[in-house]
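First comes the structure, then the notes that go with it.
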Amino acid sequence: MVGSTSSNPSSVCSLAQVLTLGEGEEQRKCICINPGRLAKGEGGGTFAELNYQGSPDKMNASIIGI
């Protein structure tokens, strides 16, 4: 990652997002999920729950801490 202080993906804030890639007729949708730190030492971390119903427009995602 350019300009980042860490190359560890779990150091990035958690997110669940639909991204649109391309232009015009070549547009495609992509689901991007980073649940954050999955575990840290003795304590629990986070995980992502994804309910995908056939297209990115009909999906529901949650980032859950344990």
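Just so we're on the same page: first chain in the structure tokens is A, next is B, and so on; residues restart at 1 for each chain, and ligands are numbered from 1 in the order they show up.
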
Taking the DSSP assignment computed from this structure's backbone, write out as a ChimeraX atom specification all residues of chain A that belong to strand (DSSP E or B). /A:15-21,28-34,39-40,43-44,46-51,60-65

Mind checking which residues fall within 8 Å of A:Thr46, counting only C-alpha atoms, ignoring those fewer than 6 positions away in the same chain, and posting them as JSON, numbers by chain? {"A": [35, 36, 37, 38, 39, 63, 64, 65, 66]}

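Take the candidates A:Ala48, A:Val12, A:Asp57, A:Gly43 and check each one against A:Lys29 using only C-alpha atoms; the shortest distance goes to A:Asp57.
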
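Between A:Cys32 and the residues A:Cys13, A:Asn60, A:Glu49, A:Val18, the shortest atom-to-atom distance, using only C-alpha atoms, involves A:Val18.
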